[in-house]
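Colleague: Have a look at the structure that comes next, please.
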Amino acid sequence: MTATPKISPARAEAFLADFTTLGTFGATGRGGVDRQAGSDADIAQRRWFAGLLEQHGLRVEYDRIGNQFGLLELVPGAPYVFVGSHLDSQPTAGKFDGAYGVLAAAHAAFELAERWGSGSASEDEKPRYNIVVVNWFNEEGSRFVPSMMGSSVFTGVLGLDEALATTDPWGISVGDVLGKAGFLGGGDGPTPVSCAEIHIEQGRILENAGNTIGLVTATWAASKYVVTVEGAQAHSGATVMEDRQDALYGAALLVVFARQLADRFPGVLHTAIGKLDVYPNSPVVVASQVTLLLDLRCSDEGVLAEANRYLEEQFAAIEQTAGVRVSRRLSHEWGINPYQPAGVDLARSVVGELGYSNQEIFTVAGHDSVNMKEKVPTVMLFVPSVEGISHNEAEDTKDDDLVAGLDMLTGVVARLAHGALVD
Ligand code: GLV
Ligand code: MN
Ligand code: MN
């Protein structure tokens, strides 16, 4: 194989134009998007994306959890190099998270289809594997918990029936929304041989270092819990303070403790409570129940275990102080499993040929490739996020960095389609 060629200026231009169009789906008017999984905006962008894939000659299919695949069959019968990310977003989110990786995957496939279909490819430049562009269903887990749902079902970490039965806060199930939108296929999707994902960093490390490409070596561990605080409903004025079993007071103590816990392990542990559901959430009423989602991220599994012990102790203390009962259910977790070092080496070789400044980097956020790397050799790449802002409408990545990432992804996918990491 010859050295990695750069994508053409026309490819870069087409990619940026399509990315502008993609950003109109669920646009908030303040530069961001709201296209939670299965929402009207998500359904509309998926239809548009299917059309784009088909225009470029890819065959669009869905599996039984609504993962969207654009198949580029180059070698009949061979398994597929998976390349993609997710189009769904958090509410009032940025337009780059996930969407960049899906559209870059599509344009990497279009570019390679052109290169290899032009008739000029020599025998040793011809691919050995097929390529599939994938838009994983519900990576964000905002409307339907847990996150990374589509890739978790695909890789067998989450049961299909459990995922399809998951409901949103209004009782609508994943199966309902996908079925109505026509996104439920009958099979399990194509067979993977290897995988690549590109994503915005969502942190400041690349920007601070002045580097363009991140070669992801491993992921921080995560433990996500659904915590229930149960008290007793009471009159907020008339009930004497000693008699109260205020679930919201108990939850508030936990919110503060979660922050203090992270402060005990600076730079190693991140914690947040991102969602609180208060019942009955009414004036003049002391809350009887609060459900909250507690998220722990950690770069050291020992520290994570210690943090979990502190939490257990704190639950008992909160029960005493607030007169409530606190329980938790683990909804989603992953460990600090590295990406295959050979995949990092492959990415380093491609980035060296293309000449972009780069560094190794951990991912703190979860990605669908965290699931895929447990099944097949997987390469994960980052491009910089301006000021590290993410899950915010102000999320941004410069055009030059978006294009450099597309160039890089195209080079990596070309190598994977030639059998790198597997043959
Ligand atoms: C992504 O879904 C994450 O939880 O980081
Ligand atoms: Mn993402
Ligand atoms: Mn996200």
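Starting from 1 in every chain, residues are counted up; chains themselves are A, B, ... following the order of the structure tokens, and ligands are numbered from 1 as listed.
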Set the distance at 12 Å and use only C-alpha atoms: which residues neighbour region 180-183 of chain A once local chain neighbours fewer than 3 positions away are removed? I'd like the list as a ChimeraX atom specification.

Modeller: /A:37-47,50,60-69,135-137,172-177,186-187

Colleague: Keeping only N, CA and C atoms, write the selected residues to a file as a compact mmCIF listing (two decimals), in the first residue's frame.

Modeller:
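Once written, result-v8.txt looks like this:
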# COMPACT_ATOMS: atom_id res chain seq x y z
N ALA A 37 -32.77 11.06 21.42
CA ALA A 37 -33.04 9.81 20.69
C ALA A 37 -34.53 9.61 20.47
N GLY A 38 -34.92 9.38 19.24
CA GLY A 38 -36.31 9.08 18.92
C GLY A 38 -37.21 10.30 18.86
N SER A 39 -36.65 11.50 19.04
CA SER A 39 -37.46 12.72 18.93
C SER A 39 -37.73 13.00 17.45
N ASP A 40 -38.65 13.95 17.17
CA ASP A 40 -38.95 14.28 15.78
C ASP A 40 -37.67 14.71 15.05
N ALA A 41 -36.82 15.51 15.76
CA ALA A 41 -35.59 16.00 15.12
C ALA A 41 -34.64 14.83 14.82
N ASP A 42 -34.58 13.87 15.73
CA ASP A 42 -33.70 12.71 15.51
C ASP A 42 -34.22 11.89 14.33
N ILE A 43 -35.54 11.71 14.28
CA ILE A 43 -36.13 10.93 13.18
C ILE A 43 -35.85 11.63 11.85
N ALA A 44 -36.03 12.97 11.85
CA ALA A 44 -35.83 13.72 10.60
C ALA A 44 -34.36 13.65 10.15
N GLN A 45 -33.44 13.78 11.10
CA GLN A 45 -32.02 13.75 10.67
C GLN A 45 -31.62 12.36 10.19
N ARG A 46 -32.21 11.32 10.81
CA ARG A 46 -31.91 9.96 10.36
C ARG A 46 -32.40 9.74 8.92
N ARG A 47 -33.59 10.31 8.61
CA ARG A 47 -34.12 10.15 7.24
C ARG A 47 -33.21 10.87 6.25
N ALA A 50 -30.05 8.89 5.84
CA ALA A 50 -30.26 7.70 4.98
C ALA A 50 -30.21 8.12 3.51
N VAL A 60 -28.78 1.21 2.94
CA VAL A 60 -29.13 1.55 4.32
C VAL A 60 -29.97 0.43 4.94
N GLU A 61 -29.55 0.04 6.16
CA GLU A 61 -30.27 -1.01 6.90
C GLU A 61 -30.34 -0.64 8.37
N TYR A 62 -31.23 -1.30 9.10
CA TYR A 62 -31.35 -1.10 10.55
C TYR A 62 -31.32 -2.46 11.23
N ASP A 63 -30.81 -2.49 12.45
CA ASP A 63 -30.91 -3.74 13.20
C ASP A 63 -32.09 -3.64 14.16
N ARG A 64 -32.21 -4.61 15.08
CA ARG A 64 -33.42 -4.69 15.90
C ARG A 64 -33.47 -3.68 17.03
N ILE A 65 -32.40 -2.88 17.19
CA ILE A 65 -32.42 -1.79 18.17
C ILE A 65 -32.27 -0.43 17.46
N GLY A 66 -32.50 -0.42 16.17
CA GLY A 66 -32.55 0.86 15.45
C GLY A 66 -31.20 1.46 15.14
N ASN A 67 -30.11 0.70 15.26
CA ASN A 67 -28.84 1.22 14.77
C ASN A 67 -28.94 1.36 13.26
N GLN A 68 -28.45 2.48 12.75
CA GLN A 68 -28.59 2.79 11.32
C GLN A 68 -27.25 2.51 10.63
N PHE A 69 -27.31 1.67 9.60
CA PHE A 69 -26.08 1.26 8.91
C PHE A 69 -26.10 1.69 7.45
N ASN A 135 -24.63 4.83 12.57
CA ASN A 135 -25.19 5.82 13.48
C ASN A 135 -25.84 5.03 14.61
N TRP A 136 -25.11 4.92 15.73
CA TRP A 136 -25.61 4.11 16.86
C TRP A 136 -26.83 4.79 17.48
N PHE A 137 -27.83 4.00 17.82
CA PHE A 137 -29.04 4.55 18.44
C PHE A 137 -28.78 4.93 19.90
N ILE A 172 -43.42 6.35 27.01
CA ILE A 172 -43.26 5.88 25.63
C ILE A 172 -41.99 5.02 25.56
N SER A 173 -42.12 3.85 24.93
CA SER A 173 -40.96 2.94 24.94
C SER A 173 -40.08 3.12 23.70
N VAL A 174 -38.86 2.65 23.84
CA VAL A 174 -37.89 2.65 22.73
C VAL A 174 -38.50 1.89 21.54
N GLY A 175 -39.10 0.73 21.83
CA GLY A 175 -39.71 -0.08 20.76
C GLY A 175 -40.78 0.71 20.02
N ASP A 176 -41.60 1.47 20.78
CA ASP A 176 -42.68 2.28 20.16
C ASP A 176 -42.10 3.30 19.19
N VAL A 177 -41.13 4.10 19.69
CA VAL A 177 -40.64 5.19 18.83
C VAL A 177 -39.92 4.64 17.61
N GLY A 186 -34.92 -6.30 11.02
CA GLY A 186 -35.19 -7.65 11.51
C GLY A 186 -33.94 -8.39 11.95
N GLY A 187 -32.76 -7.87 11.67
CA GLY A 187 -31.55 -8.65 11.94
C GLY A 187 -30.66 -8.04 12.99

Colleague: Would you please extract all helix (DSSP H, G or I) residues from region 148-392 of chain A, as assigned by DSSP on the backbone, and give them as number ranges by chain?

Modeller: A: 149-154, 160-165, 174-181, 205-209, 241-243, 247-264, 301-322, 341-354, 368-372, 386-388

Colleague: Identify, counting only C-alpha atoms and all ligand atoms, the protein, DNA and RNA residues located within 7 Å of ligand 1, and give them as a PyMOL selection string.

Modeller: chain A and resi 139-141+147-148+364-367

Colleague: Let me see the file: selected residues, C-alpha atoms, as a CSV table (one decimal), in the first residue's frame.

Modeller:
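Ended up saving to result-v7.csv:
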chain,number,residue,atom,x,y,z
A,139,GLU,CA,-25.7,7.1,22.7
A,140,GLU,CA,-26.7,9.9,25.0
A,141,GLY,CA,-29.2,8.1,27.2
A,147,SER,CA,-26.5,5.7,27.4
A,148,MET,CA,-24.7,3.8,24.6
A,364,VAL,CA,-13.2,10.7,30.0
A,365,ALA,CA,-16.5,10.6,28.3
A,366,GLY,CA,-18.1,7.3,27.1
A,367,HIS,CA,-18.3,6.5,23.5

Colleague: A:Val153, A:Ala420, A:Val278, A:Ile7: which is nearest Ala109 (chain A), counting only C-alpha atoms?

Modeller: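 Smallest separation from Ala109 (chain A) among the options: A:Ile7.
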
Colleague: With only C-alpha atoms as the counted atoms, please give the residues lying no more than 8 Å from region 318-327 of chain A, apart from itself and same-chain residues fewer than 3 positions off, as a list in words.

Modeller: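 What passes the distance filter is Val227, Thr228, Val229, Glu230, Gly231, Arg244, Gln245, Asp246, Ala247, Tyr249, Gly250, Leu253, Leu254, Gln314 and Phe315 of chain A.
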
Colleague: Find the residues near ligand 2. Use a cut-off of 9 Å, count only C-alpha atoms and all ligand atoms, and write them as a VMD selection string.

Modeller: chain A and resid 85 to 89 96 to 99 101 139 to 140 199 to 200 202 365 to 368 391

Colleague: Write out the residues from the selection above, keeping C-alpha atoms, as a PDB file, in the first residue's frame.

Modeller:
ATOM      1  CA  SER A  85     -20.687   7.467  16.197  1.00  0.00           C
ATOM      2  CA  HIS A  86     -24.125   8.840  17.170  1.00  0.00           C
ATOM      3  CA  LEU A  87     -26.463  11.521  15.822  1.00  0.00           C
ATOM      4  CA  ASP A  88     -28.653  11.850  18.925  1.00  0.00           C
ATOM      5  CA  SER A  89     -27.947  14.663  21.386  1.00  0.00           C
ATOM      6  CA  PHE A  96     -20.604  18.350  17.177  1.00  0.00           C
ATOM      7  CA  ASP A  97     -20.906  15.643  19.842  1.00  0.00           C
ATOM      8  CA  GLY A  98     -21.381  12.371  17.969  1.00  0.00           C
ATOM      9  CA  ALA A  99     -22.748  14.015  14.816  1.00  0.00           C
ATOM     10  CA  GLY A 101     -18.121  11.361  13.953  1.00  0.00           C
ATOM     11  CA  GLU A 139     -25.735   7.065  22.718  1.00  0.00           C
ATOM     12  CA  GLU A 140     -26.683   9.942  25.006  1.00  0.00           C
ATOM     13  CA  HIS A 199     -15.222  12.406  18.212  1.00  0.00           C
ATOM     14  CA  ILE A 200     -14.664  15.868  19.571  1.00  0.00           C
ATOM     15  CA  GLN A 202     -15.018  17.510  24.981  1.00  0.00           C
ATOM     16  CA  ALA A 365     -16.547  10.629  28.256  1.00  0.00           C
ATOM     17  CA  GLY A 366     -18.060   7.342  27.135  1.00  0.00           C
ATOM     18  CA  HIS A 367     -18.337   6.464  23.456  1.00  0.00           C
ATOM     19  CA  ASP A 368     -19.845   3.634  21.446  1.00  0.00           C
ATOM     20  CA  HIS A 391     -23.049  19.247  26.205  1.00  0.00           C
TER      21      HIS A 391
END

Colleague: Restricting the calculation to only C-alpha atoms and all ligand atoms: of A:Thr155, A:Asn392, A:Gln90, A:Thr397, which residue gets closest to ligand 3?

Modeller: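 Among A:Thr155, A:Asn392, A:Gln90, A:Thr397, it is A:Gln90 that comes nearest to ligand 3.
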
Colleague: Given only C-alpha atoms and all ligand atoms as the basis, pick out the residue of A:Ser122, A:Gln260, A:Thr21, A:Ser142 nearest to ligand 3.

Modeller: A:Ser142

Colleague: Expressed in Å to a single decimal, how great is the separation between CA of Leu22 (chain A) and CA of Thr212 (chain A)?

Modeller: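 Distance reported for this atom pair: 23.1 Å.
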
Colleague: Work out how far CA of Phe25 (chain A) is from CA of Glu393 (chain A), in Å to one decimal.

Modeller: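 Between CA of Glu393 (chain A) and CA of Phe25 (chain A) the gap works out to 13.6 Å.
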
Colleague: Where in region 10-208 of chain A does DSSP assign strand (DSSP E), given as a short mmCIF file (atom, residue, chain, number, x, y, z; two decimals) with N, CA, C and O atoms, in the first residue's frame?

Modeller:
data_model
loop_
_atom_site.label_atom_id
_atom_site.label_comp_id
_atom_site.auth_asym_id
_atom_site.auth_seq_id
_atom_site.Cartn_x
_atom_site.Cartn_y
_atom_site.Cartn_z
N ARG A 59 -25.94 1.09 0.93
CA ARG A 59 -27.25 0.46 1.20
C ARG A 59 -27.58 0.68 2.67
O ARG A 59 -26.75 0.42 3.55
N VAL A 60 -28.78 1.21 2.94
CA VAL A 60 -29.13 1.55 4.32
C VAL A 60 -29.97 0.43 4.94
O VAL A 60 -30.93 -0.04 4.35
N GLU A 61 -29.55 0.04 6.16
CA GLU A 61 -30.27 -1.01 6.90
C GLU A 61 -30.34 -0.64 8.37
O GLU A 61 -29.55 0.20 8.83
N TYR A 62 -31.23 -1.30 9.10
CA TYR A 62 -31.35 -1.10 10.55
C TYR A 62 -31.32 -2.46 11.23
O TYR A 62 -31.78 -3.45 10.66
N GLN A 68 -28.45 2.48 12.75
CA GLN A 68 -28.59 2.79 11.32
C GLN A 68 -27.25 2.51 10.63
O GLN A 68 -26.22 3.04 11.04
N PHE A 69 -27.31 1.67 9.60
CA PHE A 69 -26.08 1.26 8.91
C PHE A 69 -26.10 1.69 7.45
O PHE A 69 -27.11 1.51 6.77
N GLY A 70 -25.00 2.20 6.96
CA GLY A 70 -24.84 2.48 5.53
C GLY A 70 -23.74 1.58 5.02
O GLY A 70 -22.56 1.79 5.33
N LEU A 71 -24.12 0.56 4.25
CA LEU A 71 -23.16 -0.49 3.88
C LEU A 71 -22.50 -0.18 2.54
O LEU A 71 -23.20 0.05 1.54
N LEU A 72 -21.20 -0.19 2.56
CA LEU A 72 -20.41 -0.04 1.34
C LEU A 72 -19.77 -1.39 1.08
O LEU A 72 -18.77 -1.75 1.72
N TYR A 80 -17.23 -6.41 7.94
CA TYR A 80 -17.20 -4.95 7.78
C TYR A 80 -16.30 -4.23 8.78
O TYR A 80 -16.28 -4.57 9.97
N VAL A 81 -15.62 -3.21 8.29
CA VAL A 81 -14.97 -2.22 9.15
C VAL A 81 -16.08 -1.25 9.56
O VAL A 81 -16.71 -0.64 8.70
N PHE A 82 -16.35 -1.15 10.86
CA PHE A 82 -17.38 -0.24 11.36
C PHE A 82 -16.76 1.14 11.57
O PHE A 82 -15.68 1.25 12.17
N VAL A 83 -17.45 2.17 11.11
CA VAL A 83 -16.96 3.52 11.36
C VAL A 83 -18.17 4.41 11.58
O VAL A 83 -19.10 4.45 10.78
N GLY A 84 -18.19 5.07 12.74
CA GLY A 84 -19.34 5.92 13.03
C GLY A 84 -19.35 6.40 14.46
O GLY A 84 -18.35 6.30 15.18
N SER A 85 -20.50 6.93 14.85
CA SER A 85 -20.69 7.47 16.20
C SER A 85 -22.21 7.63 16.37
O SER A 85 -22.95 6.74 15.93
N ASN A 130 -15.21 -4.92 3.77
CA ASN A 130 -16.24 -3.91 3.48
C ASN A 130 -16.21 -2.82 4.56
O ASN A 130 -15.58 -2.98 5.61
N ILE A 131 -16.94 -1.75 4.29
CA ILE A 131 -17.02 -0.64 5.24
C ILE A 131 -18.49 -0.38 5.54
O ILE A 131 -19.31 -0.37 4.63
N VAL A 132 -18.80 -0.18 6.81
CA VAL A 132 -20.16 0.23 7.16
C VAL A 132 -20.11 1.49 8.01
O VAL A 132 -19.38 1.57 9.00
N VAL A 133 -20.88 2.48 7.56
CA VAL A 133 -21.03 3.72 8.32
C VAL A 133 -22.16 3.47 9.32
O VAL A 133 -23.24 3.02 8.92
N VAL A 134 -21.91 3.76 10.60
CA VAL A 134 -22.96 3.45 11.58
C VAL A 134 -23.32 4.66 12.42
O VAL A 134 -22.45 5.42 12.87
N ASN A 135 -24.63 4.83 12.57
CA ASN A 135 -25.19 5.82 13.48
C ASN A 135 -25.84 5.03 14.61
O ASN A 135 -26.94 4.52 14.48
N PRO A 192 -18.87 -7.28 12.25
CA PRO A 192 -17.70 -6.39 12.31
C PRO A 192 -16.38 -7.16 12.25
O PRO A 192 -16.27 -8.27 12.75
N VAL A 193 -15.38 -6.49 11.67
CA VAL A 193 -14.02 -7.06 11.71
C VAL A 193 -13.11 -6.12 12.49
O VAL A 193 -12.16 -6.56 13.14
N SER A 194 -13.40 -4.83 12.43
CA SER A 194 -12.63 -3.82 13.18
C SER A 194 -13.49 -2.57 13.22
O SER A 194 -14.57 -2.54 12.63
N CYS A 195 -13.01 -1.55 13.94
CA CYS A 195 -13.87 -0.39 14.15
C CYS A 195 -13.03 0.88 14.32
O CYS A 195 -11.90 0.82 14.81
N ALA A 196 -13.59 2.00 13.89
CA ALA A 196 -12.97 3.30 14.14
C ALA A 196 -14.05 4.32 14.47
O ALA A 196 -15.15 4.26 13.94
N GLU A 197 -13.72 5.21 15.39
CA GLU A 197 -14.65 6.29 15.74
C GLU A 197 -13.83 7.57 15.92
O GLU A 197 -12.75 7.54 16.52
N ILE A 198 -14.36 8.67 15.40
CA ILE A 198 -13.75 9.96 15.69
C ILE A 198 -14.78 10.81 16.41
O ILE A 198 -15.99 10.71 16.14
N HIS A 199 -14.32 11.64 17.34
CA HIS A 199 -15.22 12.41 18.21
C HIS A 199 -14.51 13.69 18.61
O HIS A 199 -13.28 13.75 18.59
N ILE A 200 -15.28 14.68 18.98
CA ILE A 200 -14.66 15.87 19.57
C ILE A 200 -14.16 15.48 20.97
O ILE A 200 -14.74 14.61 21.62
#

Colleague: Give me the residues near Leu406 (chain A) as JSON, numbers by chain, where near means some atom within 12 Å (using only C-alpha atoms) and where sequence neighbours in that chain fewer than 3 positions away do not count.

Modeller: {"A": [6, 7, 8, 9, 11, 12, 13, 14, 15, 16, 19, 83, 84, 100, 101, 102, 103, 104, 105, 106, 107, 108, 109, 110, 111, 112, 196, 197, 198, 199, 200, 212, 213, 351, 354, 356, 381, 382, 383, 399, 400, 401, 402, 403, 409, 410, 411, 412, 413]}

Colleague: Report, in Å to a single decimal, how far apart CA of Thr378 (chain A) and CA of Phe144 (chain A) are.

Modeller: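 Taking CA of Phe144 (chain A) and CA of Thr378 (chain A), their separation equals 26.2 Å.
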